[in-house]
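See structure below.
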Amino acid sequence: MEDKQHKLDDFLRSRLNNDAEDSSWNVPDDYIFEAAMRTVAADKKKKRRPWIIIPFMLLAGWMGSEYMHNNQIKTLQHKVDVMEQSILNPPQQKESISSYSYAADSQFILQTQFSSPQEPNIQFSRTSKRSATQNLSNITSTNILLSRTNTAFSNTTIPAASMQPSLADSTTAHFSIATLQRNKQETEVPSHLSLPGSLSLPIRSLPLYGLMILESEEIKIDLPSHTISVPERVSTTLPLRYGILLSTNQSWYTMKKIPFTPDARLYAYENSQPGVGLYGFIRKPLSPRLSLQSDFGYHIYKNKSVLENQFLFDMKNVVETTGGESIYQTDLELMNPLGDYNAMIEFRVNDQMQDNDLLQEYSKNKQVLHTLNLGLSLQYALIRGKRVTISLGTGFSLGYCTRLQNEFNVSVYHNTVLQTDYTALPTQLNNVRSVYAQALGKLSFEYRPSDRFGFIVESQYGTGITSLRKGITADGPHTYLHAVMVSAGITHGF
Amino acid sequence: MVHGDKMKEILSEANAILRAKEGDYVAQRYLYERYRSKWFMICLRYLPHKSDAEDALQNGLIHIFSNLSQFDPAVGAFAGWTSRIIANDCILLIRKNQKDLVVQEISHDLQVPDQEENAIDKISREEIMKMIQRLPAGYRTVFNMYVFEGYAHKEIADLLSISEGTSKSQLFKARKMLQDALEVMI
């Protein structure tokens, strides 16, 4: 028998393997070669493209670093300039003024000058409360002039009502800025008083702009020192950030083969419609680049797949109906993250079918899946600028299936012939588990035109790991749900 | 030793391969015209429909000429290397379209010759090809892979995602069908 088979093999090989003369039946059309060569040429061009991009990327990277470097130099230079100014134009020591006075209209004026970029905190104190009470009880308003070195006077007025507390009631008062009303009678700019550090300065009357001034007791004025203090860098990211996004997704199933069904395979068919979703997130920065994000959303996944399997015809599965027909019945089991699927395959037996004949079965599954998802992920900012952040994230989410729509359609073939005369029973979905865990990977791009508002585009890949309910009963293949999602939305900082 | 025309042939093929690796269109065309019948017959063995066979051949040509730089004459012959590529592309196409191919009707232009007229030696290549094409898709694929490409049953099982037992069973049935057809023709 084996000898005969080998002879057959050798005969066929000898006839078909040798070089053949061109005949009408074994010569392909010329367009095939031309089409193939065009594809080869196009592929070669595509392979070259990534290499071309590299020098541009290097150039862009160099230009970016140059810009940031120059920006930093400008900032530092400005600080140095200010410091130099303060060194070159040190605050002048002025004669002290021994006292101040006030007129019946209860106004006093203190004019001073400071060189700090920050507004000073002026503290008035009275050495003698009694005299203050005596002298200041009628004060209804106070004008304090503050000016920076070599710049114009400020023009902010603090009305009496906004001054807290009033001089009459307390020993101290704090003002940030004030203005001086010009009186056209005054033509001379009063001498300015530079106060390095803290200085006790009794003030006499100063003929300033025709206004009466108060001759005071000692007034302590604490002004910022002349040292330039650089304000702390204001972070452009606020403590918490939240966002809301609309998404579109494409999902599909893959299958892990298990020993029980070694012939099975799963693949997508036709074009699945994309699913949609809506979700929001809250993001808490843990460090300048690392943040923790929690999101919650509703997603709809749509996919179509075919499970292909082979099995041997087994006479034990044939049942006789009351009508005298022979019906073959067998179960199809399938486990996926959502639950066990049990389908009944049933068809009428014909005379050609024999025991151990090979049968092929194709189970088409069209699915629409609605889920609520709660996710937690860690985000790492690959690029973190004032306006733009690009980050990479990874995490997990829990999915709760709120609705599952399934269409199962099973076809059976015997000797490559479709068995059309079978009755398809409705597919039963047993032990549908609602809750499953999903692993996530994401890449997001956020642009913030202001500190509070921003726009975000995010792409995400998720794969269903496992169901969270125990008691997996299906012996059939295990399938896994995958989804790729692209989302866009807005963000807001607290 | 190899003499005369055969040597010239080998040398010109080796030269053509070198030039084809550099993208010489004329050299590529030379190789195509030299082996196109052989390659197309491989495709027809796996895929009875001409359009499917042409698809597989086109895919195979793309793979051959895209990866020509990987061919090393010291390792094997060009004919064998390319035949394996073409066969693999046929198998890939079969796997991809298996559902459709399974229900395809056997081409009506394939006719079994009258049994009184042909003895086995007179059976033409075309007739033998048609006999193989008449096999059911699964039998034909396994048969081609085992007999012509030299795959072992384990390799066939892995490539086609079937069991070894199924592979053996289908090969057995294919041989039986071919033997029956040959006996009818003889």
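Residues in the structure tokens are numbered from 1 in each chain, the chains being A, B, ... in the order shown, and ligands are numbered from 1 in the order shown.
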
Tell me, counting only C-alpha atoms, for each residue of chain B within 8 Å of chain A, which pair of atoms is nearest and how far apart they are in Å to one decimal, in rows ordered by chain and increasing number, as a tab-separated table.
residue	atom	partner	partner_atom	distance
B:Tyr32	CA	A:Phe33	CA	7.7
B:Arg36	CA	A:Val27	CA	6.8
B:Ser37	CA	A:Val27	CA	5.4
B:Lys38	CA	A:Asp19	CA	6.2
B:Phe40	CA	A:Asn26	CA	6.1
B:Met41	CA	A:Asn26	CA	6.0
B:Glu54	CA	A:Pro28	CA	6.8
B:Leu57	CA	A:Ile32	CA	7.7
B:Gln58	CA	A:Ala36	CA	5.6
B:Asn59	CA	A:Ala36	CA	7.2
B:Leu61	CA	A:Ala36	CA	6.1
B:Ile62	CA	A:Ala36	CA	5.3
B:Phe65	CA	A:Val40	CA	7.0
B:Ser66	CA	A:Val40	CA	5.9
B:Val102	CA	A:Thr416	CA	5.3
B:Val103	CA	A:Thr416	CA	5.9
B:Arg125	CA	A:Arg15	CA	6.2
B:Glu126	CA	A:Trp25	CA	7.9
B:Ile128	CA	A:Leu12	CA	7.6
B:Met129	CA	A:Leu16	CA	7.7
B:Pro136	CA	A:Thr416	CA	6.6
B:Ala137	CA	A:Thr416	CA	7.6
B:Val147	CA	A:Asp9	CA	6.1
B:Phe148	CA	A:Arg13	CA	6.5
B:Ser161	CA	A:Asp263	CA	5.5
B:Ile162	CA	A:Asp263	CA	4.5
B:Ser163	CA	A:Asp263	CA	6.2
B:Arg175	CA	A:Gln5	CA	7.1
B:Gln179	CA	A:Leu8	CA	7.6

Requested write-out: C-alpha atoms of the selected residues, as a compact mmCIF listing (two decimals), in the first residue's frame:
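Contents of result_2.txt, freshly written:
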# COMPACT_ATOMS: atom_id res chain seq x y z
CA TYR B 32 10.15 36.01 -14.45
CA ARG B 36 6.68 31.92 -14.74
CA SER B 37 5.21 28.64 -15.96
CA LYS B 38 6.70 26.71 -13.09
CA PHE B 40 2.02 29.48 -12.10
CA MET B 41 1.66 25.73 -12.11
CA GLU B 54 -2.97 34.88 -10.34
CA LEU B 57 1.37 34.49 -8.07
CA GLN B 58 1.35 38.27 -7.80
CA ASN B 59 1.85 38.11 -4.04
CA LEU B 61 6.38 37.83 -7.11
CA ILE B 62 6.27 40.74 -4.70
CA PHE B 65 11.65 40.50 -5.75
CA SER B 66 11.34 42.42 -2.48
CA VAL B 102 -14.54 25.62 0.53
CA VAL B 103 -17.82 26.22 -1.23
CA ARG B 125 0.50 17.45 -17.62
CA GLU B 126 -2.64 19.48 -18.01
CA ILE B 128 -2.87 15.61 -14.20
CA MET B 129 -3.16 19.20 -13.06
CA PRO B 136 -11.61 19.06 -2.36
CA ALA B 137 -9.74 22.14 -1.13
CA VAL B 147 4.01 15.61 -1.88
CA PHE B 148 5.34 18.66 -3.70
CA SER B 161 -4.28 25.03 12.09
CA ILE B 162 -5.46 21.46 11.88
CA SER B 163 -4.47 18.36 13.75
CA ARG B 175 -4.30 9.88 -2.72
CA GLN B 179 -5.64 6.83 -7.69

Mind checking which residues fall within 12 Å of Trp81 of chain B, counting only C-alpha atoms, ignoring those fewer than 4 positions away in the same chain, and posting them as a list in words? Tyr35, Trp39, Gly60, His63, Ile64, Phe65, Asn67, Leu68, Gln70, Phe71, Asp72, Pro73, Ala74, Val75, Gly76, Ala77, Ile85, Ile86, Ala87, Asn88 and Glu149 of chain B

For the residues in the current selection, export C-alpha atoms as an mmCIF file, in the first residue's frame.
data_model
loop_
_atom_site.group_PDB
_atom_site.id
_atom_site.type_symbol
_atom_site.label_atom_id
_atom_site.label_comp_id
_atom_site.auth_asym_id
_atom_site.auth_seq_id
_atom_site.Cartn_x
_atom_site.Cartn_y
_atom_site.Cartn_z
ATOM 1 C CA TYR B 35 10.176 30.586 -14.216
ATOM 2 C CA TRP B 39 5.469 29.250 -10.555
ATOM 3 C CA GLY B 60 4.640 35.611 -4.564
ATOM 4 C CA HIS B 63 7.855 38.637 -1.978
ATOM 5 C CA ILE B 64 10.484 37.203 -4.305
ATOM 6 C CA PHE B 65 11.651 40.501 -5.749
ATOM 7 C CA ASN B 67 13.495 39.901 -0.658
ATOM 8 C CA LEU B 68 15.831 38.977 -3.486
ATOM 9 C CA GLN B 70 18.237 37.569 1.006
ATOM 10 C CA PHE B 71 18.734 34.813 -1.564
ATOM 11 C CA ASP B 72 22.101 33.143 -1.205
ATOM 12 C CA PRO B 73 23.039 30.841 -4.086
ATOM 13 C CA ALA B 74 25.403 28.969 -1.790
ATOM 14 C CA VAL B 75 22.466 27.814 0.320
ATOM 15 C CA GLY B 76 20.155 26.531 -2.384
ATOM 16 C CA ALA B 77 18.907 26.806 -5.930
ATOM 17 C CA ILE B 85 7.853 31.336 -1.592
ATOM 18 C CA ILE B 86 5.142 30.853 -4.196
ATOM 19 C CA ALA B 87 3.778 27.807 -2.373
ATOM 20 C CA ASN B 88 3.699 29.712 0.924
ATOM 21 C CA GLU B 149 6.628 20.978 -0.972
#

Point-to-point distance from atom CA of His69 of chain A to atom CA of Arg384 of chain A, Å rounded to tenths: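 That distance, rounded to one decimal, is 15.5 Å.
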
Using only C-alpha atoms, which protein or nucleic acid residues come within 7 Å of segment 45-53 of chain B? Drop anything in the same chain fewer than 6 positions from it, and give the result as a ChimeraX atom specification. /B:90,129,132-133,140-141,144

Polymer residues at most 9 Å from Ser377 of chain A, only C-alpha atoms, same-chain spacing of 3 or more positions, as a CSV table (one decimal) with N, CA and C atoms, in the first residue's frame:
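Output (part_7.csv):
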chain,number,residue,atom,x,y,z
A,291,SER,N,1.6,61.4,36.9
A,291,SER,CA,0.3,61.7,37.5
A,291,SER,C,-0.6,60.5,37.5
A,292,LEU,N,-1.6,60.5,38.3
A,292,LEU,CA,-2.5,59.4,38.5
A,292,LEU,C,-3.9,59.8,37.9
A,293,GLN,N,-4.4,59.0,37.0
A,293,GLN,CA,-5.7,59.4,36.4
A,293,GLN,C,-6.7,58.4,36.6
A,294,SER,N,-7.9,58.8,36.9
A,294,SER,CA,-9.0,57.9,37.0
A,294,SER,C,-10.1,58.4,36.0
A,295,ASP,N,-10.6,57.4,35.3
A,295,ASP,CA,-11.6,57.8,34.3
A,295,ASP,C,-12.9,56.8,34.4
A,393,GLY,N,0.6,56.4,29.1
A,393,GLY,CA,-0.1,55.9,30.3
A,393,GLY,C,-0.3,54.4,30.2
A,394,THR,N,-0.4,53.8,31.4
A,394,THR,CA,-0.8,52.4,31.4
A,394,THR,C,-1.6,52.2,32.7
A,395,GLY,N,-2.5,51.2,32.6
A,395,GLY,CA,-3.4,51.0,33.8
A,395,GLY,C,-4.4,49.9,33.5
A,396,PHE,N,-5.4,49.9,34.3
A,396,PHE,CA,-6.4,48.9,34.3
A,396,PHE,C,-7.8,49.5,34.3
A,397,SER,N,-8.8,48.8,33.8
A,397,SER,CA,-10.1,49.3,34.0
A,397,SER,C,-11.1,48.1,34.3
A,440,LEU,N,-4.9,48.5,29.9
A,440,LEU,CA,-4.9,49.6,29.0
A,440,LEU,C,-3.5,50.2,28.8
A,441,GLY,N,-3.4,50.7,27.6
A,441,GLY,CA,-2.2,51.5,27.3
A,441,GLY,C,-2.6,52.7,26.5

Mind giving me the straight-line distance from atom CA of Ile456 of chain A to atom CA of Asn373 of chain A in Å, one decimal?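 These atoms are spaced 19.6 Å apart.
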
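One finds atom CA of Ser326 of chain A at 5.5 Å from atom CA of Val349 of chain A.
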
Enumerate the residues of chain B with a DSSP assignment of helix (DSSP H, G or I), computed from the backbone, and present them as a ChimeraX atom specification. /B:4-21,25-46,50-66,68-70,78-96,98-102,120-122,125-133,137-148,153-160,164-185

Calculated over only C-alpha atoms, which of the candidates B:Ser167, B:Asn15, B:Ser83, B:Ser69 has the smallest distance to Ala152 of chain B? B:Ser167
